[in-house]
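A.B. asks: Here you go, this is input29.cif (mmCIF, C-alpha atoms).
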```
data_work
#
loop_
_atom_site.label_atom_id
_atom_site.label_comp_id
_atom_site.auth_asym_id
_atom_site.auth_seq_id
_atom_site.Cartn_x
_atom_site.Cartn_y
_atom_site.Cartn_z
CA MET A 1 30.77 -4.19 8.07
CA ALA A 2 26.98 -4.28 8.18
CA VAL A 3 25.11 -6.37 5.63
CA GLN A 4 21.38 -6.44 5.14
CA LEU A 5 19.18 -8.46 2.80
CA THR A 6 15.95 -6.82 1.67
CA PRO A 7 13.16 -8.56 -0.25
CA TYR A 8 12.49 -6.67 -3.50
CA LEU A 9 9.20 -7.31 -5.28
CA THR A 10 8.84 -6.49 -8.98
CA MET A 11 5.16 -6.13 -9.78
CA ASN A 12 3.45 -6.27 -13.16
CA GLY A 13 1.94 -2.76 -13.14
CA ASN A 14 0.11 -3.08 -9.83
CA ALA A 15 2.76 -1.95 -7.33
CA LYS A 16 0.62 0.96 -6.08
CA GLU A 17 -2.25 -1.42 -5.37
CA ALA A 18 0.11 -3.84 -3.60
CA ILE A 19 1.58 -1.03 -1.48
CA GLN A 20 -1.89 0.10 -0.39
CA PHE A 21 -2.81 -3.51 0.39
CA TYR A 22 0.28 -4.04 2.57
CA GLN A 23 -0.33 -0.73 4.34
CA GLN A 24 -3.63 -2.13 5.55
CA ALA A 25 -2.82 -5.85 5.86
CA LEU A 26 0.58 -5.47 7.54
CA GLU A 27 0.43 -1.94 8.98
CA ALA A 28 3.21 -0.94 6.58
CA GLU A 29 4.60 2.58 6.52
CA VAL A 30 5.59 4.04 3.14
CA LEU A 31 9.11 5.43 3.52
CA PHE A 32 9.62 6.31 -0.15
CA ILE A 33 7.70 6.08 -3.42
CA GLN A 34 8.60 7.42 -6.86
CA ASN A 35 6.91 7.03 -10.23
CA PHE A 36 8.83 6.59 -13.48
CA GLU A 37 7.77 10.07 -14.64
CA GLU A 38 9.62 11.56 -11.63
CA MET A 39 12.94 10.12 -12.79
CA PRO A 40 15.37 12.17 -14.92
CA GLU A 41 14.61 11.83 -18.62
CA ASN A 42 16.98 9.88 -20.83
CA PRO A 43 16.65 10.91 -24.52
CA GLU A 44 18.18 7.60 -25.60
CA PHE A 45 15.37 5.70 -23.84
CA PRO A 46 12.14 7.73 -24.01
CA LEU A 47 9.56 6.75 -21.42
CA PRO A 48 6.38 5.21 -22.89
CA ALA A 49 3.21 7.04 -21.78
CA GLU A 50 1.85 3.95 -20.00
CA MET A 51 4.93 3.87 -17.75
CA LYS A 52 4.66 7.36 -16.30
CA ASP A 53 2.30 6.42 -13.47
CA ARG A 54 4.02 3.12 -12.64
CA VAL A 55 6.23 2.81 -9.56
CA SER A 56 9.95 3.03 -10.29
CA HIS A 57 10.91 2.43 -6.68
CA ALA A 58 9.19 2.23 -3.29
CA THR A 59 10.29 1.30 0.21
CA LEU A 60 7.95 0.12 2.95
CA LYS A 61 8.72 -0.41 6.61
CA ILE A 62 6.85 -3.26 8.27
CA GLY A 63 7.74 -3.58 11.93
CA GLU A 64 11.55 -3.56 11.95
CA SER A 65 11.84 -4.81 8.37
CA VAL A 66 12.00 -3.17 4.97
CA LEU A 67 10.32 -4.33 1.76
CA MET A 68 11.10 -2.73 -1.62
CA PHE A 69 8.96 -2.56 -4.77
CA SER A 70 8.93 -1.49 -8.38
CA ASP A 71 6.79 -2.13 -11.41
CA SER A 72 8.23 -3.99 -14.36
CA PHE A 73 8.84 -2.14 -17.60
CA PRO A 74 6.47 -3.07 -20.48
CA GLY A 75 7.86 -6.12 -22.26
CA GLN A 76 10.03 -7.07 -19.27
CA ALA A 77 9.34 -10.67 -18.35
CA SER A 78 7.85 -11.11 -14.91
CA GLN A 79 6.01 -14.01 -13.39
CA ASN A 80 4.75 -15.12 -10.03
CA GLY A 81 6.78 -17.86 -8.48
CA ASN A 82 7.53 -19.66 -5.29
CA LEU A 83 11.31 -19.31 -5.22
CA LEU A 84 10.98 -16.44 -2.78
CA SER A 85 8.71 -16.15 0.19
CA ILE A 86 8.56 -13.59 2.95
CA CYS A 87 8.48 -14.87 6.52
CA ILE A 88 6.62 -12.61 8.93
CA THR A 89 7.77 -13.42 12.46
CA THR A 90 5.89 -12.29 15.55
CA ASP A 91 5.68 -13.39 19.16
CA SER A 92 1.91 -12.82 19.22
CA PRO A 93 -0.41 -15.57 17.97
CA GLU A 94 -3.17 -12.94 17.75
CA GLN A 95 -1.08 -10.67 15.52
CA ALA A 96 -0.10 -13.67 13.37
CA GLY A 97 -3.80 -14.42 12.95
CA GLN A 98 -4.58 -10.84 11.96
CA TYR A 99 -1.82 -10.79 9.34
CA PHE A 100 -2.83 -14.19 7.97
CA GLU A 101 -6.51 -13.21 7.68
CA ALA A 102 -5.65 -9.93 5.96
CA LEU A 103 -3.21 -11.50 3.49
CA LYS A 104 -5.56 -14.30 2.45
CA GLN A 105 -8.21 -11.83 1.20
CA GLY A 106 -8.27 -12.48 -2.53
CA GLY A 107 -5.33 -14.86 -2.17
CA LYS A 108 -4.83 -18.56 -1.61
CA VAL A 109 -4.11 -20.43 1.63
CA GLU A 110 -1.31 -22.90 1.03
CA MET A 111 -1.19 -24.11 4.66
CA PRO A 112 -3.81 -23.05 7.19
CA LEU A 113 -2.62 -21.14 10.24
CA GLN A 114 -2.14 -23.83 12.88
CA GLU A 115 0.04 -25.14 15.70
CA THR A 116 3.07 -27.07 14.46
CA PHE A 117 5.99 -28.78 16.18
CA PHE A 118 8.08 -25.62 15.68
CA SER A 119 5.52 -22.86 16.21
CA PRO A 120 2.33 -22.23 18.18
CA ASN A 121 0.79 -20.53 15.13
CA TYR A 122 2.21 -21.03 11.60
CA GLY A 123 0.74 -20.91 8.12
CA ILE A 124 1.52 -20.12 4.49
CA VAL A 125 -0.57 -17.88 2.26
CA ALA A 126 -0.12 -16.49 -1.25
CA ASP A 127 -1.71 -13.06 -1.37
CA LYS A 128 -3.76 -11.70 -4.27
CA PHE A 129 -0.54 -10.60 -6.00
CA GLY A 130 0.98 -14.10 -5.88
CA VAL A 131 3.48 -13.15 -3.15
CA VAL A 132 3.97 -16.06 -0.74
CA PHE A 133 4.08 -15.26 2.98
CA GLN A 134 4.99 -17.60 5.80
CA VAL A 135 3.38 -16.37 9.01
CA PHE A 136 5.46 -17.63 11.92
CA THR A 137 4.85 -17.19 15.63
CA GLN A 138 7.83 -17.54 17.97
CA GLY A 139 7.38 -18.99 21.42
CA PRO A 140 6.34 -22.08 23.30
CA HIS A 141 3.86 -24.43 21.68
#
```
Could the structure of this file be written out as structure tokens, please?
C.D. replies:
Amino acid sequence: MAVQLTPYLTMNGNAKEAIQFYQQALEAEVLFIQNFEEMPENPEFPLPAEMKDRVSHATLKIGESVLMFSDSFPGQASQNGNLLSICITTDSPEQAGQYFEALKQGGKVEMPLQETFFSPNYGIVADKFGVVFQVFTQGPH
């Protein structure tokens, strides 16, 4: 039996912007994207006009990993938090630096990219959407 865990990000109406950002910052490839208006209609739950252009589901491939997205429905509680972070692991300190620099644009550095006892190049950054990334470089330090 194969089991896989996939980070799923629920955005507050800005999933398309986040997807475009990750395409550039992390060289992500969009595998699938669908708006709410492309879903089958349910007469019992009519779709509000402001939802039609929001993302109902998207899948990105970043390296060998998958990241999923959707926008929240109006009135659905969503908040940024630090209970979930995404760890980007690479064996290239240069690539780690590129990812870190791209993700910090409009975001907040929580721990500068630096050598630690467990990594030659490690840092933590919350991007402009409030998503926390740990950038981790494998290898000797």
A.B. asks: Nearest to Ala126 of chain A among A:Met51, A:Val109, A:Ile88, A:Leu31, with distances taken over all atoms listed in the file: which residue is it?
C.D. replies: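 For Ala126 of chain A, the nearest of the given residues is A:Val109.
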A.B. asks: Which segment 12-70 of chain A residues have any atom within 12 Å of an atom of segment 99-105 of chain A, and for each, what is the nearest pair of atoms with distance in Å to one decimal, counting only C-alpha atoms, rows sorted by chain and number, as a Markdown table?
C.D. replies:
```
| residue | atom | partner | partner_atom | distance |
| --- | --- | --- | --- | --- |
| A:Ala18 | CA | A:Leu103 | CA | 11.0 |
| A:Phe21 | CA | A:Leu103 | CA | 8.6 |
| A:Tyr22 | CA | A:Leu103 | CA | 8.3 |
| A:Gln23 | CA | A:Ala102 | CA | 10.8 |
| A:Gln24 | CA | A:Ala102 | CA | 8.1 |
| A:Ala25 | CA | A:Ala102 | CA | 5.0 |
| A:Leu26 | CA | A:Tyr99 | CA | 6.1 |
| A:Glu27 | CA | A:Tyr99 | CA | 9.1 |
| A:Ala28 | CA | A:Tyr99 | CA | 11.4 |
| A:Ile62 | CA | A:Tyr99 | CA | 11.5 |
```
A.B. asks: Please provide the set of residues having any atom within 9 Å of Val132 of chain A, restricted to all atoms listed in the file, with same-chain residues fewer than 2 positions apart removed, written as a CSV table (one decimal) with C-alpha atoms, in the coordinates of the input.
C.D. replies:
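Listed below is the output, result-v2.csv:
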```csv
chain,number,residue,atom,x,y,z
A,81,GLY,CA,6.8,-17.9,-8.5
A,82,ASN,CA,7.5,-19.7,-5.3
A,84,LEU,CA,11.0,-16.4,-2.8
A,85,SER,CA,8.7,-16.2,0.2
A,86,ILE,CA,8.6,-13.6,3.0
A,87,CYS,CA,8.5,-14.9,6.5
A,110,GLU,CA,-1.3,-22.9,1.0
A,124,ILE,CA,1.5,-20.1,4.5
A,125,VAL,CA,-0.6,-17.9,2.3
A,126,ALA,CA,-0.1,-16.5,-1.2
A,127,ASP,CA,-1.7,-13.1,-1.4
A,129,PHE,CA,-0.5,-10.6,-6.0
A,130,GLY,CA,1.0,-14.1,-5.9
A,134,GLN,CA,5.0,-17.6,5.8
```
A.B. asks: Which of these residues is nearest to Thr6 of chain A, using all atoms listed in the file: A:Lys108, A:Thr116, A:Ala96, A:Lys61?
C.D. replies: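 Smallest distance to Thr6 of chain A is found for A:Lys61.
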A.B. asks: To one decimal place, how far is atom CA of Glu38 of chain A from atom CA of Gly13 of chain A in Å?
C.D. replies: 16.3 Å
A.B. asks: Return as a compact mmCIF listing (two decimals) with C-alpha atoms, in the frame of the given file the set of residues that the PyMOL selection byres ((chain A and resi 50) around 12) yields on the displayed structure.
C.D. replies:
```txt
# COMPACT_ATOMS: atom_id res chain seq x y z
CA GLY A 13 1.94 -2.76 -13.14
CA ASN A 35 6.91 7.03 -10.23
CA PHE A 36 8.83 6.59 -13.48
CA GLU A 37 7.77 10.07 -14.64
CA PRO A 46 12.14 7.73 -24.01
CA LEU A 47 9.56 6.75 -21.42
CA PRO A 48 6.38 5.21 -22.89
CA ALA A 49 3.21 7.04 -21.78
CA MET A 51 4.93 3.87 -17.75
CA LYS A 52 4.66 7.36 -16.30
CA ASP A 53 2.30 6.42 -13.47
CA ARG A 54 4.02 3.12 -12.64
CA VAL A 55 6.23 2.81 -9.56
CA ASP A 71 6.79 -2.13 -11.41
CA SER A 72 8.23 -3.99 -14.36
CA PHE A 73 8.84 -2.14 -17.60
CA PRO A 74 6.47 -3.07 -20.48
CA GLY A 75 7.86 -6.12 -22.26
```
A.B. asks: Could you state the separation of atom CA of Pro140 of chain A and atom CA of Val66 of chain A in Å, given to one decimal place?
C.D. replies: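 Taking atom CA of Pro140 of chain A and atom CA of Val66 of chain A, their separation equals 26.9 Å.
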A.B. asks: Calculate how many Å separate atom CA of Pro7 of chain A from atom CA of Leu67 of chain A, rounding to one decimal.
C.D. replies: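 Interatomic distance, atom CA of Pro7 of chain A to atom CA of Leu67 of chain A: 5.5 Å.
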A.B. asks: Please evaluate the PyMOL selection byres ((chain A and resi 90) around 12) against the displayed coordinates and give the resulting residues as a PDB file with C-alpha atoms, keeping the file's coordinate frame.
C.D. replies:
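The resulting file, part-v1.pdb, is shown below:
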```pdb
ATOM      1  CA  LEU A  26       0.580  -5.470   7.540  1.00  0.00           C
ATOM      2  CA  ILE A  62       6.850  -3.260   8.270  1.00  0.00           C
ATOM      3  CA  GLY A  63       7.740  -3.580  11.930  1.00  0.00           C
ATOM      4  CA  GLU A  64      11.550  -3.560  11.950  1.00  0.00           C
ATOM      5  CA  SER A  65      11.840  -4.810   8.370  1.00  0.00           C
ATOM      6  CA  CYS A  87       8.480 -14.870   6.520  1.00  0.00           C
ATOM      7  CA  ILE A  88       6.620 -12.610   8.930  1.00  0.00           C
ATOM      8  CA  THR A  89       7.770 -13.420  12.460  1.00  0.00           C
ATOM      9  CA  ASP A  91       5.680 -13.390  19.160  1.00  0.00           C
ATOM     10  CA  SER A  92       1.910 -12.820  19.220  1.00  0.00           C
ATOM     11  CA  PRO A  93      -0.410 -15.570  17.970  1.00  0.00           C
ATOM     12  CA  GLU A  94      -3.170 -12.940  17.750  1.00  0.00           C
ATOM     13  CA  GLN A  95      -1.080 -10.670  15.520  1.00  0.00           C
ATOM     14  CA  ALA A  96      -0.100 -13.670  13.370  1.00  0.00           C
ATOM     15  CA  GLY A  97      -3.800 -14.420  12.950  1.00  0.00           C
ATOM     16  CA  GLN A  98      -4.580 -10.840  11.960  1.00  0.00           C
ATOM     17  CA  TYR A  99      -1.820 -10.790   9.340  1.00  0.00           C
ATOM     18  CA  PHE A 100      -2.830 -14.190   7.970  1.00  0.00           C
ATOM     19  CA  SER A 119       5.520 -22.860  16.210  1.00  0.00           C
ATOM     20  CA  PRO A 120       2.330 -22.230  18.180  1.00  0.00           C
ATOM     21  CA  ASN A 121       0.790 -20.530  15.130  1.00  0.00           C
ATOM     22  CA  TYR A 122       2.210 -21.030  11.600  1.00  0.00           C
ATOM     23  CA  GLN A 134       4.990 -17.600   5.800  1.00  0.00           C
ATOM     24  CA  VAL A 135       3.380 -16.370   9.010  1.00  0.00           C
ATOM     25  CA  PHE A 136       5.460 -17.630  11.920  1.00  0.00           C
ATOM     26  CA  THR A 137       4.850 -17.190  15.630  1.00  0.00           C
ATOM     27  CA  GLN A 138       7.830 -17.540  17.970  1.00  0.00           C
ATOM     28  CA  GLY A 139       7.380 -18.990  21.420  1.00  0.00           C
TER      29      GLY A 139
END
```
A.B. asks: Mind rebuilding segment 111-128 of chain A with N, CA and C atoms and writing that out as a short mmCIF file (atom, residue, chain, number, x, y, z; two decimals), in the frame of the given file?
C.D. replies:
```cif
data_model
loop_
_atom_site.label_atom_id
_atom_site.label_comp_id
_atom_site.auth_asym_id
_atom_site.auth_seq_id
_atom_site.Cartn_x
_atom_site.Cartn_y
_atom_site.Cartn_z
N MET A 111 -1.17 -23.31 3.43
CA MET A 111 -1.19 -24.11 4.66
C MET A 111 -1.94 -23.29 5.70
N PRO A 112 -3.04 -23.82 6.20
CA PRO A 112 -3.81 -23.05 7.19
C PRO A 112 -2.95 -22.68 8.41
N LEU A 113 -3.30 -21.57 9.02
CA LEU A 113 -2.62 -21.14 10.24
C LEU A 113 -2.95 -22.15 11.34
N GLN A 114 -1.92 -22.76 11.93
CA GLN A 114 -2.14 -23.83 12.88
C GLN A 114 -0.90 -24.04 13.76
N GLU A 115 -1.08 -24.77 14.85
CA GLU A 115 0.04 -25.14 15.70
C GLU A 115 0.85 -26.23 14.99
N THR A 116 2.17 -26.07 15.03
CA THR A 116 3.07 -27.07 14.46
C THR A 116 4.10 -27.44 15.52
N PHE A 117 4.97 -28.38 15.22
CA PHE A 117 5.99 -28.78 16.18
C PHE A 117 7.01 -27.67 16.42
N PHE A 118 7.09 -26.69 15.52
CA PHE A 118 8.08 -25.62 15.68
C PHE A 118 7.48 -24.24 15.96
N SER A 119 6.15 -24.16 15.98
CA SER A 119 5.52 -22.86 16.21
C SER A 119 4.11 -23.04 16.77
N PRO A 120 3.70 -22.15 17.68
CA PRO A 120 2.33 -22.23 18.18
C PRO A 120 1.29 -21.75 17.17
N ASN A 121 1.73 -21.06 16.12
CA ASN A 121 0.79 -20.53 15.13
C ASN A 121 1.56 -20.25 13.85
N TYR A 122 1.44 -21.13 12.84
CA TYR A 122 2.21 -21.03 11.60
C TYR A 122 1.31 -21.36 10.42
N GLY A 123 1.47 -20.62 9.34
CA GLY A 123 0.74 -20.91 8.12
C GLY A 123 1.41 -20.26 6.92
N ILE A 124 0.98 -20.65 5.74
CA ILE A 124 1.52 -20.12 4.49
C ILE A 124 0.35 -19.65 3.63
N VAL A 125 0.48 -18.44 3.10
CA VAL A 125 -0.57 -17.88 2.26
C VAL A 125 0.06 -17.12 1.10
N ALA A 126 -0.50 -17.30 -0.09
CA ALA A 126 -0.12 -16.49 -1.25
C ALA A 126 -1.18 -15.39 -1.35
N ASP A 127 -0.74 -14.15 -1.32
CA ASP A 127 -1.71 -13.06 -1.37
C ASP A 127 -2.24 -12.86 -2.79
N LYS A 128 -3.11 -11.90 -2.97
CA LYS A 128 -3.76 -11.70 -4.27
C LYS A 128 -2.80 -11.27 -5.36
#
```
